[in-house]
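*Asks:* I'm passing along protein-v8.cif; it holds mmCIF, C-alpha atoms.
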```cif
data_structure
#
loop_
_atom_site.label_atom_id
_atom_site.label_comp_id
_atom_site.auth_asym_id
_atom_site.auth_seq_id
_atom_site.Cartn_x
_atom_site.Cartn_y
_atom_site.Cartn_z
CA MET A 1 22.11 47.50 14.02
CA ASN A 2 25.74 47.21 12.94
CA LYS A 3 27.48 44.24 11.36
CA CYS A 4 29.05 42.96 14.60
CA VAL A 5 25.67 42.78 16.30
CA TRP A 6 24.21 40.83 13.36
CA ILE A 7 27.07 38.33 13.50
CA THR A 8 26.61 37.90 17.26
CA VAL A 9 22.87 37.23 16.86
CA VAL A 10 23.42 34.69 14.07
CA VAL A 11 26.09 32.83 16.05
CA PHE A 12 23.85 32.79 19.14
CA LEU A 13 20.87 31.39 17.21
CA TRP A 14 22.99 28.79 15.42
CA THR A 15 24.54 27.68 18.72
CA GLY A 16 21.10 27.33 20.30
CA VAL A 17 19.74 25.26 17.39
CA TYR A 18 22.83 23.03 17.40
CA ALA A 19 22.61 22.49 21.17
CA ALA A 20 18.90 21.64 20.93
CA ASP A 21 19.61 19.16 18.15
CA GLU A 22 22.38 17.49 20.12
CA GLN A 23 20.78 17.41 23.56
CA GLY A 24 17.04 17.87 23.12
CA PHE A 25 14.17 15.65 22.03
CA PRO A 26 12.46 14.31 20.10
CA LEU A 27 14.78 11.64 18.83
CA VAL A 28 11.82 10.31 16.83
CA SER A 29 9.02 12.54 15.49
CA GLY A 30 6.36 12.76 12.81
CA ILE A 31 5.17 9.14 13.05
CA CYS A 32 2.63 8.58 10.27
CA LEU A 33 1.04 6.09 7.90
CA VAL A 34 2.64 5.72 4.48
CA GLU A 35 0.17 5.25 1.63
CA ASN A 36 1.33 2.92 -1.16
CA GLU A 37 0.07 0.41 -3.72
CA VAL A 38 -1.02 -2.09 -1.03
CA TYR A 39 -4.23 -0.10 -0.57
CA GLN A 40 -5.10 -0.21 -4.29
CA ARG A 41 -5.18 -3.98 -4.93
CA GLY A 42 -8.79 -4.63 -3.91
CA LEU A 43 -7.70 -7.12 -1.24
CA PRO A 44 -7.26 -6.74 2.53
CA PRO A 45 -3.82 -5.17 3.04
CA GLY A 46 -1.28 -7.70 4.25
CA LYS A 47 0.97 -5.04 5.75
CA ILE A 48 0.81 -1.51 7.10
CA THR A 49 3.74 0.81 6.45
CA ILE A 50 4.55 3.49 9.00
CA GLY A 51 7.09 6.27 8.67
CA MET A 52 8.92 8.57 11.07
CA GLN A 53 11.58 11.25 11.17
CA VAL A 54 14.73 10.27 13.11
CA ARG A 55 17.09 12.96 14.38
CA THR A 56 20.22 10.82 14.14
CA ASP A 57 21.25 7.20 13.51
CA ALA A 58 19.56 5.08 16.17
CA LEU A 59 19.01 1.47 17.12
CA PHE A 60 15.34 0.48 17.18
CA LYS A 61 12.98 -2.32 18.09
CA ILE A 62 9.24 -2.63 17.36
CA SER A 63 7.21 -5.09 19.43
CA PHE A 64 3.65 -6.35 19.23
CA GLY A 65 2.56 -7.99 22.47
CA ASN A 66 5.43 -10.21 23.58
CA ARG A 67 6.78 -10.62 20.06
CA VAL A 68 9.53 -8.53 18.41
CA LEU A 69 8.44 -7.71 14.85
CA ARG A 70 11.34 -5.58 13.61
CA ALA A 71 14.74 -4.53 14.94
CA GLY A 72 17.75 -2.85 13.44
CA LEU A 73 19.20 0.58 12.68
CA PHE A 74 17.32 3.72 11.69
CA ARG A 75 19.32 6.19 9.61
CA LYS A 76 19.12 9.92 10.17
CA GLY A 77 16.16 11.36 8.28
CA PHE A 78 12.89 9.77 7.21
CA ASN A 79 12.51 6.02 7.75
CA ALA A 80 9.67 3.72 6.68
CA ILE A 81 9.01 0.22 7.97
CA SER A 82 6.31 -2.35 7.14
CA LEU A 83 4.37 -4.18 9.83
CA PRO A 84 2.41 -7.39 9.13
CA SER A 85 -1.38 -6.95 9.26
CA ALA A 86 -2.78 -10.17 7.81
CA ASN A 87 -5.64 -10.51 10.31
CA PHE A 88 -6.21 -6.84 11.13
CA PHE A 89 -8.95 -6.32 8.54
CA ARG A 90 -11.35 -9.03 9.67
CA LYS A 91 -13.24 -6.66 11.96
CA THR A 92 -13.08 -3.23 13.55
CA SER A 93 -10.21 -3.35 16.02
CA THR A 94 -7.28 -1.52 17.60
CA HIS A 95 -3.68 -2.74 17.52
CA THR A 96 -0.87 -1.40 19.71
CA PHE A 97 2.84 -1.50 18.89
CA ILE A 98 5.77 -0.43 21.08
CA LEU A 99 8.67 1.43 19.44
CA GLU A 100 11.98 1.67 21.33
CA CYS A 101 14.91 3.74 20.03
CA LYS A 102 18.37 4.46 21.37
CA ALA A 103 21.08 6.80 20.11
CA GLY A 104 24.04 7.26 22.45
CA GLU A 105 22.60 8.35 25.78
CA SER A 106 19.27 9.35 24.21
CA VAL A 107 16.49 6.80 24.57
CA VAL A 108 12.81 6.98 23.70
CA ALA A 109 9.84 4.65 23.86
CA LYS A 110 6.56 5.30 22.06
CA GLU A 111 3.23 3.55 21.87
CA ILE A 112 1.90 3.40 18.30
CA VAL A 113 -1.82 2.68 18.01
CA ILE A 114 -3.32 1.56 14.69
CA ASP A 115 -7.10 1.92 14.74
CA ILE A 116 -8.97 0.11 11.94
CA ARG A 117 -12.68 0.58 11.31
CA ILE A 118 -14.41 -1.79 8.88
CA LEU A 119 -17.66 -0.76 7.18
CA PRO A 120 -19.71 -3.09 4.92
CA LEU A 121 -20.76 -1.50 1.63
CA TYR A 122 -22.75 -4.06 -0.40
CA VAL A 123 -23.01 -7.77 -1.26
CA VAL A 124 -21.07 -8.67 -4.39
CA GLN A 125 -22.00 -12.34 -4.49
CA LYS A 126 -24.07 -14.61 -2.26
CA MET A 127 -22.58 -17.89 -1.14
CA GLY A 128 -23.30 -20.58 -3.76
CA GLU A 129 -24.48 -18.02 -6.30
CA GLU A 130 -22.88 -18.63 -9.67
CA ARG A 131 -23.31 -15.20 -11.17
CA LYS A 132 -25.10 -12.01 -10.30
CA GLN A 133 -27.09 -10.22 -12.97
CA HIS A 134 -26.11 -6.56 -13.23
CA VAL A 135 -28.62 -3.81 -13.87
CA TYR A 136 -27.57 -0.48 -15.36
CA THR A 137 -29.61 2.69 -14.99
CA LEU A 138 -29.36 5.69 -17.31
CA SER A 139 -30.95 8.90 -16.08
CA PHE A 140 -31.30 12.32 -17.74
CA LEU A 141 -31.82 15.28 -15.42
CA ILE A 142 -32.15 19.02 -15.83
CA GLY A 143 -31.24 20.50 -12.49
CA ASP A 144 -33.07 18.38 -9.92
CA ARG A 145 -35.82 17.36 -12.36
CA LEU A 146 -35.74 13.83 -13.78
CA ILE A 147 -36.57 13.98 -17.52
CA TYR A 148 -35.91 10.39 -18.61
CA SER A 149 -34.73 7.14 -17.04
CA THR A 150 -34.17 3.65 -18.42
CA ARG A 151 -32.79 0.36 -17.12
CA LYS A 152 -30.64 -2.15 -18.99
CA PHE A 153 -29.92 -5.71 -17.92
CA ALA A 154 -26.59 -7.32 -18.68
CA LEU A 155 -26.77 -10.32 -21.02
CA SER A 156 -26.98 -13.53 -19.05
CA ASP A 157 -25.86 -15.88 -21.83
CA ILE A 158 -22.32 -14.52 -22.20
CA SER A 159 -19.85 -17.34 -21.80
CA PHE A 160 -16.20 -16.91 -20.98
CA LYS A 161 -15.34 -20.54 -21.65
CA LEU A 162 -12.44 -20.91 -24.07
CA GLU A 163 -12.56 -23.72 -26.64
CA LEU A 164 -8.92 -24.67 -27.09
CA PRO A 165 -7.88 -26.41 -30.31
CA PRO A 166 -6.34 -29.90 -30.19
CA TRP A 167 -2.61 -30.13 -29.61
CA GLU A 168 -1.78 -31.92 -32.88
CA GLY A 169 -2.92 -31.60 -36.47
CA ARG A 170 -3.37 -28.45 -38.47
CA TYR A 171 -3.64 -26.29 -35.36
CA ASN A 172 -0.04 -27.00 -34.34
CA PRO A 173 2.59 -25.60 -36.74
CA PHE A 174 5.16 -28.03 -35.36
CA GLY A 175 2.91 -31.08 -35.08
CA LEU A 176 2.13 -33.97 -37.39
CA ILE A 177 -0.05 -33.46 -40.46
CA ASP A 178 -1.29 -36.63 -42.06
CA GLY A 179 1.39 -38.60 -40.24
CA ALA A 180 4.28 -36.50 -41.54
CA GLN A 181 6.34 -33.88 -39.73
CA LYS A 182 5.72 -30.41 -41.06
CA PRO A 183 8.96 -28.62 -42.03
CA VAL A 184 9.84 -25.79 -39.70
CA SER A 185 10.68 -22.37 -41.08
CA GLY A 186 10.91 -19.00 -39.42
CA ILE A 187 13.08 -16.80 -37.23
CA PRO A 188 15.08 -18.38 -34.41
CA ILE A 189 13.56 -17.57 -31.03
CA LEU A 190 16.80 -16.24 -29.52
CA GLY A 191 17.40 -14.05 -32.54
CA ALA A 192 13.87 -12.66 -32.36
CA VAL A 193 14.23 -11.89 -28.66
CA ALA A 194 17.54 -10.14 -29.22
CA GLY A 195 16.08 -8.11 -32.07
CA LEU A 196 13.08 -7.02 -30.02
CA TYR A 197 15.35 -6.06 -27.13
CA HIS A 198 17.54 -3.81 -29.28
CA LEU A 199 14.48 -2.29 -30.95
CA ALA A 200 12.85 -1.47 -27.63
CA LYS A 201 16.12 -0.09 -26.30
CA SER A 202 16.53 2.22 -29.29
CA LEU A 203 12.92 3.45 -29.17
CA SER A 204 12.76 4.12 -25.43
CA PRO A 205 16.13 4.55 -23.72
CA ALA A 206 16.24 3.07 -20.24
CA LYS A 207 15.79 5.50 -17.38
CA ASP A 208 17.07 4.74 -13.94
CA ILE A 209 14.45 5.19 -11.22
CA ASP A 210 15.96 6.84 -8.20
CA GLU A 211 13.93 5.43 -5.31
CA GLU A 212 15.43 8.01 -2.96
CA ASN A 213 13.63 10.76 -4.90
CA ILE A 214 10.19 9.16 -4.47
CA VAL A 215 8.24 11.34 -2.06
CA PRO A 216 6.47 9.18 0.57
CA GLN A 217 2.74 9.78 0.95
CA LYS A 218 2.54 10.62 4.65
CA LYS A 219 -0.94 10.30 6.13
CA GLN A 220 -2.64 10.22 9.52
CA LYS A 221 -5.66 8.52 7.97
CA ILE A 222 -5.97 6.17 4.98
CA GLU A 223 -9.19 4.93 3.38
CA THR A 224 -9.30 1.80 1.23
CA THR A 225 -11.86 -0.66 -0.19
CA PHE A 226 -11.50 -4.38 -0.77
CA LEU A 227 -13.41 -7.64 -1.29
CA MET A 228 -13.73 -10.14 1.54
CA THR A 229 -16.16 -12.89 2.55
CA ASN A 230 -18.12 -12.57 5.80
CA MET A 231 -18.91 -15.28 8.36
CA SER A 232 -21.78 -16.57 6.19
CA GLY A 233 -19.54 -17.01 3.16
CA ASP A 234 -21.03 -14.09 1.20
CA LEU A 235 -18.59 -11.92 -0.76
CA TRP A 236 -18.84 -8.28 0.31
CA GLN A 237 -17.29 -4.99 -0.70
CA TRP A 238 -15.82 -3.37 2.43
CA ARG A 239 -14.44 0.04 3.30
CA ALA A 240 -11.62 0.34 5.81
CA LEU A 241 -10.58 3.52 7.64
CA ILE A 242 -7.08 3.34 9.12
CA PHE A 243 -5.94 5.83 11.77
CA ILE A 244 -2.64 6.21 13.61
CA LYS A 245 -1.84 7.91 16.89
CA THR A 246 1.19 7.87 19.18
CA MET A 247 1.95 8.43 22.83
CA ASP A 248 5.27 8.78 24.68
CA LEU A 249 6.04 6.13 27.29
CA GLU A 250 8.04 8.06 29.87
CA LYS A 251 8.82 5.24 32.30
CA ALA A 252 8.89 2.32 29.89
CA PRO A 253 12.00 0.15 30.26
CA ILE A 254 14.32 0.35 27.27
CA SER A 255 15.54 -3.16 26.42
CA ILE A 256 17.90 -2.12 23.61
CA PRO A 257 21.54 -2.59 24.76
#
```
Would you kindly transcribe this structure into structure tokens?

*Replies:*
Amino acid sequence: MNKCVWITVVVFLWTGVYAADEQGFPLVSGICLVENEVYQRGLPPGKITIGMQVRTDALFKISFGNRVLRAGLFRKGFNAISLPSANFFRKTSTHTFILECKAGESVVAKEIVIDIRILPLYVVQKMGEERKQHVYTLSFLIGDRLIYSTRKFALSDISFKLELPPWEGRYNPFGLIDGAQKPVSGIPILGAVAGLYHLAKSLSPAKDIDEENIVPQKKQKIETTFLMTNMSGDLWQWRALIFIKTMDLEKAPISIP
């Protein structure tokens, strides 16, 4: 194959890709869950972040029921947006969002379904119970054979109450001692702060964190655990499985101007 034929093939392929990008769909693709620190706090997540790839700059609107949650402009490339989920983790349930996008003459509407399954793991604390005694088990095995096992109970008389000293007297370096003001000596606070700042700056030079270089954790399923009370007031450890799926809405009316 000679050089002219190669050039013709390359131009043909490039023209086809460009035409598909300009005229074809999808305008929005790769809708996913974005895993972040919200799922590591030990509490029911207050928001769910979803991400998607957008072919070009586009206006968007996300609705939940009859309420518009988010609206604005998606930039070309990967976009992430957080949706409130304060009451989603009370029970196993399914929540449906409607995404509408418009770029020029291209419009798209998608149904985004967030499926949340809640599984109880164990009781952490009964309602009205002050403290639960913990039992630790140490086992020694060779293969599947148990050689030795022992149980240890956590001490029940450990107190975390702090006895704070009185405000005045010998416990307070700036208070009264025997009715007289103690003379103050030391390093000025502002000077100490400035010195610590310059020391820290010299030891570890500041590094700018480029948020654009942080790779988003794209998932179709996220698993998390958290503490939450049940209807009886008992504190439980729960496991939540979060799934996402999407479906095109071909005949849905686009309300973005």

*Asks:* Return as JSON the centre and edge lengths, in Å with one decimal, of the box along x, y and z that encloses every atom of stretch 90-96 of chain A in the file, padded by 8 Å per side.

*Replies:*
```
{"center_x": -7.1, "center_y": -5.2, "center_z": 14.7, "size_x": 28.4, "size_y": 23.6, "size_z": 26.0}
```

*Asks:* On this file, the PyMOL selection byres ((chain A and resi 71) around 8) gives some set of residues; write that set as a ChimeraX atom specification.

*Replies:* /A:59-62,68-70,72-73

*Asks:* So, counting only C-alpha atoms, which residue among A:His95, A:Lys76, A:Lys219, A:Lys245 is closest to A:Ile116?

*Replies:*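 Smallest distance to A:Ile116 is found for A:His95.
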
*Asks:* In Å to one decimal, how far is atom CA of A:Glu100 from atom CA of A:Leu249?

*Replies:*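 Separating atom CA of A:Leu249 from atom CA of A:Glu100 is a distance of 9.5 Å.
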
*Asks:* List as a list in words the protein and nucleic acid residues near stretch 45-56 of chain A, meaning an atom at most 7 Å away when only C-alpha atoms are counted, but skip any in the same chain fewer than 2 places from it.

*Replies:* Leu27, Val28, Ser29, Gly30, Ile31, Cys32, Leu33, Val34, Val38, Tyr39, Leu43, Ala58, Arg75, Lys76, Gly77, Phe78, Asn79, Ala80, Ile81, Ser82, Leu83, Pro84, Ser85 and Ala86 of chain A

*Asks:* Just say which residues the PyMOL selection byres ((chain A and resi 232) around 12) picks in this file, as a ChimeraX atom specification.

*Replies:* /A:123,125-128,228-231,233-236

*Asks:* Find the distance between atom CA of A:Thr246 and atom CA of A:Cys101 and write it in Å to one decimal.

*Replies:* 14.4 Å

*Asks:* Nearest to A:Gln237: which of A:Pro44, A:Ala109, A:Gly104, A:Phe97 is it, counting all atoms listed in the file?

*Replies:*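 Ranking A:Pro44, A:Ala109, A:Gly104, A:Phe97 by distance to A:Gln237, first place goes to A:Pro44.
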
*Asks:* For a test of reading the model, state the distance in Å between atom CA of A:Glu105 and atom CA of A:Ser63, rounded to one decimal.

*Replies:*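 Between atom CA of A:Glu105 and atom CA of A:Ser63 the gap is 21.4 Å.
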
*Asks:* Given the choices A:Gln217, A:Asn87, A:Thr225, A:Thr96, which gets closest to A:Asn36 if the distance is worked out from all atoms listed in the file?

*Replies:*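 Between A:Gln217, A:Asn87, A:Thr225, A:Thr96, the residue approaching A:Asn36 most closely is A:Gln217.
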
*Asks:* Which one is closest to A:Ile222: A:Glu129, A:Leu121, A:Gln40, A:Ala103? Count all atoms listed in the file.

*Replies:*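 Under the stated criterion, the closest residue is A:Gln40.
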
*Asks:* Have a look at A:Ser139, A:Gln220, A:Ser106, A:Thr92 and name the one nearest to A:Ile118; count all atoms listed in the file.

*Replies:* A:Thr92

*Asks:* Looking at A:Thr150, A:Leu241, A:Glu111, A:Glu37, which one is nearest to A:Pro216, with distances taken over all atoms listed in the file?

*Replies:*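 The closest residue to A:Pro216 is A:Glu37.
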
*Asks:* Which residues, protein or nucleic acid, reach to within 12 Å of (-12.1, -2.3, 15.1) in the file's coordinates when using only C-alpha atoms, and can you give that as a list of chain:residue names?

*Replies:* A:Asn87, A:Phe88, A:Phe89, A:Arg90, A:Lys91, A:Thr92, A:Ser93, A:Thr94, A:His95, A:Val113, A:Ile114, A:Asp115, A:Ile116, A:Arg117, A:Ile118, A:Leu119, A:Ala240, A:Leu241, A:Ile242, A:Phe243
